file query14.txt (compact mmCIF, C-alpha atoms)
# COMPACT_ATOMS: atom_id res chain seq x y z
CA MET X 1 124.60 207.48 85.21
CA LYS X 2 126.46 209.93 82.98
CA CYS X 3 129.35 212.08 84.18
CA GLU X 4 130.87 215.07 82.44
CA GLU X 5 134.67 215.09 82.42
CA THR X 6 137.08 217.96 81.88
CA HIS X 7 140.86 217.90 82.02
CA ALA X 8 142.74 220.66 83.75
CA PRO X 9 145.31 222.15 81.36
CA ASN X 10 148.84 220.82 81.90
CA SER X 11 147.67 218.67 84.79
CA ASN X 12 147.27 215.05 85.76
CA TRP X 13 143.90 215.82 87.33
CA LEU X 14 140.48 215.21 85.91
CA TYR X 15 137.40 217.11 87.05
CA VAL X 16 134.22 215.05 86.98
CA MET X 17 130.71 216.51 87.25
CA LEU X 18 128.60 213.87 88.95
CA PRO X 19 124.86 213.52 88.27
CA SER X 20 124.26 215.14 91.65
CA LYS X 21 125.80 218.34 90.17
CA LYS X 22 128.79 217.97 92.45
CA THR X 23 132.23 218.40 90.90
CA VAL X 24 134.87 215.97 92.09
CA ARG X 25 138.58 216.26 91.38
CA MET X 26 140.33 212.95 90.79
CA PRO X 27 143.56 211.80 89.16
CA VAL X 28 143.30 210.95 85.46
CA VAL X 29 144.13 207.31 86.23
CA THR X 30 141.14 207.10 88.57
CA GLY X 31 138.93 208.66 85.91
CA ARG X 32 140.02 205.97 83.46
CA LEU X 33 139.16 203.24 85.95
CA ARG X 34 135.63 204.66 86.18
CA ASP X 35 135.23 204.56 82.37
CA PRO X 36 133.02 201.59 81.38
CA ASP X 37 134.82 201.29 78.02
CA ILE X 38 138.15 200.75 79.80
CA ASN X 39 137.10 198.82 82.91
CA PRO X 40 134.92 195.81 82.04
CA CYS X 41 134.37 194.90 85.69
CA LEU X 42 133.12 198.26 86.93
CA SER X 43 129.87 196.90 88.38
CA GLU X 44 131.70 194.06 90.18
CA SER X 45 134.21 196.54 91.57
CA ASP X 46 131.43 198.83 92.78
CA ALA X 47 129.58 195.88 94.34
CA SER X 48 132.63 194.79 96.35
CA THR X 49 133.29 198.35 97.52
CA ARG X 50 129.64 198.73 98.51
CA CYS X 51 129.80 195.41 100.39
CA LEU X 52 132.86 196.58 102.32
CA ASP X 53 131.13 199.85 103.20
CA GLU X 54 127.99 198.08 104.38
CA ASN X 55 129.88 195.46 106.43
CA ASN X 56 132.31 197.79 108.18
CA TYR X 57 135.22 196.59 106.02
CA ASP X 58 134.94 192.98 107.18
CA LYS X 59 136.59 191.28 104.19
CA GLU X 60 135.34 187.81 105.10
CA ARG X 61 131.73 188.87 104.54
CA CYS X 62 132.54 190.15 101.04
CA SER X 63 134.59 187.23 99.75
CA THR X 64 131.93 186.25 97.19
CA TYR X 65 132.04 189.77 95.72
CA PHE X 66 135.85 189.64 95.58
CA LEU X 67 135.74 186.25 93.86
CA LYS X 68 133.22 187.49 91.29
CA TYR X 69 135.44 190.52 90.56
CA LYS X 70 138.53 188.30 90.25
CA ASN X 71 136.73 185.95 87.86
CA CYS X 72 135.48 188.90 85.83
CA ARG X 73 139.02 190.27 85.47
CA LYS X 74 140.34 186.83 84.47
CA PHE X 75 137.62 186.38 81.85
CA TRP X 76 138.10 189.79 80.19
CA HIS X 77 141.87 189.50 80.41
CA SER X 78 141.71 186.21 78.47
CA ILE X 79 139.48 187.91 75.86
CA MET X 80 141.97 190.79 75.64
CA ILE X 81 144.93 188.40 75.16
CA GLN X 82 143.01 186.47 72.48
CA ARG X 83 142.17 189.70 70.59
CA ARG X 84 145.76 190.91 70.85
CA ARG X 85 147.05 187.62 69.38
CA THR X 86 144.62 187.81 66.46
CA GLY X 87 145.42 191.48 65.83
CA VAL X 88 142.01 192.89 66.73
CA LYS X 89 142.07 196.54 67.82
CA PRO X 90 141.28 197.70 70.44
CA CYS X 91 142.48 194.79 72.55
CA MET X 92 139.79 195.36 75.17
CA PRO X 93 136.30 195.29 73.63
CA THR X 94 134.22 198.42 74.14
CA ALA X 95 131.25 198.31 76.51
CA ALA X 96 128.86 197.74 73.58
CA GLU X 97 130.99 194.88 72.23
CA ARG X 98 131.19 193.31 75.68
CA ASP X 99 127.40 193.40 76.02
CA GLU X 100 127.14 191.67 72.65
CA ILE X 101 129.69 189.01 73.67
CA LEU X 102 127.82 188.30 76.92
CA ARG X 103 124.48 188.16 75.09
CA ALA X 104 125.92 185.64 72.62
CA MET X 105 127.12 183.48 75.53
CA GLY X 106 123.63 183.49 77.01
CA LYS X 107 124.80 183.82 80.62
CA MET X 108 127.47 185.50 82.69
CA PRO X 109 130.65 183.41 82.50
CA TYR X 110 131.79 184.64 85.90
call {"tool": "encode", "arguments": {"input": "query14.txt", "output": "structure tokens"}}
result
Amino acid sequence: MKCEETHAPNSNWLYVMLPSKKTVRMPVVTGRLRDPDINPCLSESDASTRCLDENNYDKERCSTYFLKYKNCRKFWHSIMIQRRRTGVKPCMPTAAERDEILRAMGKMPY
């Protein structure tokens, strides 16, 4: 799923062209959260949101998805702290680096 992004000049808004050819205006911060290189837990976040939508926002039914997201954030945060301490840039591994790290581990740590 590839999206085209354009910034409005002198604005804090980002215009995103979705694969469905629909243009959506969203704040730049939201656009960053949807970037897989910045947000390592994008799929877990989407899964919990989807669960809430499907279960009429009953949080108790989605607690496993929330826990998986929380564990994902903890795991990648610890990796980020470790890289920052050792001086590796960027602190958060890119999506390709994260795939390589997970492949080397052999299984999902969260």
call {"tool": "atom_distance", "arguments": {"input": "query14.txt", "atom1": "atom CA of Ala95 of chain X", "atom2": "atom CA of Ile38 of chain X"}}
result
8.0 Å
call {"tool": "atom_distance", "arguments": {"input": "query14.txt", "atom1": "atom CA of Tyr110 of chain X", "atom2": "atom CA of Thr30 of chain X"}}
result
24.5 Å
call {"tool": "closest_residue", "arguments": {"input": "query14.txt", "among": "X:Glu44, X:Thr86, X:Asp37, X:Ile81", "to": "Leu67 of chain X", "atoms": "all atoms listed in the file"}}
result
X:Glu44
call {"tool": "closest_residue", "arguments": {"input": "query14.txt", "among": "X:Lys89, X:Met80, X:Asp35, X:Pro109", "to": "Lys68 of chain X", "atoms": "all atoms listed in the file"}}
result
X:Pro109
call {"tool": "axis_aligned_box", "arguments": {"input": "query14.txt", "around": "segment 101-109 of chain X", "padding_each_side": "5 Å", "output": "AutoDock Vina command-line options"}}
result
--center_x 127.1 --center_y 186.2 --center_z 77.7 --size_x 17.0 --size_y 15.6 --size_z 20.1
call {"tool": "residues_around", "arguments": {"input": "query14.txt", "residues": "Asn39 of chain X", "least_positions_apart": "4", "cutoff": "12 Å", "atoms": "all atoms listed in the file", "output": "list of chain:residue names"}}
result
X:Val29, X:Thr30, X:Gly31, X:Arg32, X:Leu33, X:Arg34, X:Asp35, X:Ser43, X:Glu44, X:Ser45, X:Asp46, X:Tyr69, X:Cys72, X:Arg73, X:Trp76, X:His77, X:Met80, X:Met92, X:Pro93, X:Thr94, X:Ala95, X:Arg98
call {"tool": "atom_distance", "arguments": {"input": "query14.txt", "atom1": "atom CA of Leu52 of chain X", "atom2": "atom CA of Pro36 of chain X"}}
result
21.5 Å
call {"tool": "closest_residue", "arguments": {"input": "query14.txt", "among": "X:Phe66, X:Lys74, X:Ala96, X:Lys107", "to": "Arg50 of chain X", "atoms": "only C-alpha atoms"}}
result
X:Phe66
call {"tool": "closest_residue", "arguments": {"input": "query14.txt", "among": "X:Tyr65, X:Val88, X:Glu60, X:Ile101", "to": "Ala47 of chain X", "atoms": "all atoms listed in the file"}}
result
X:Tyr65
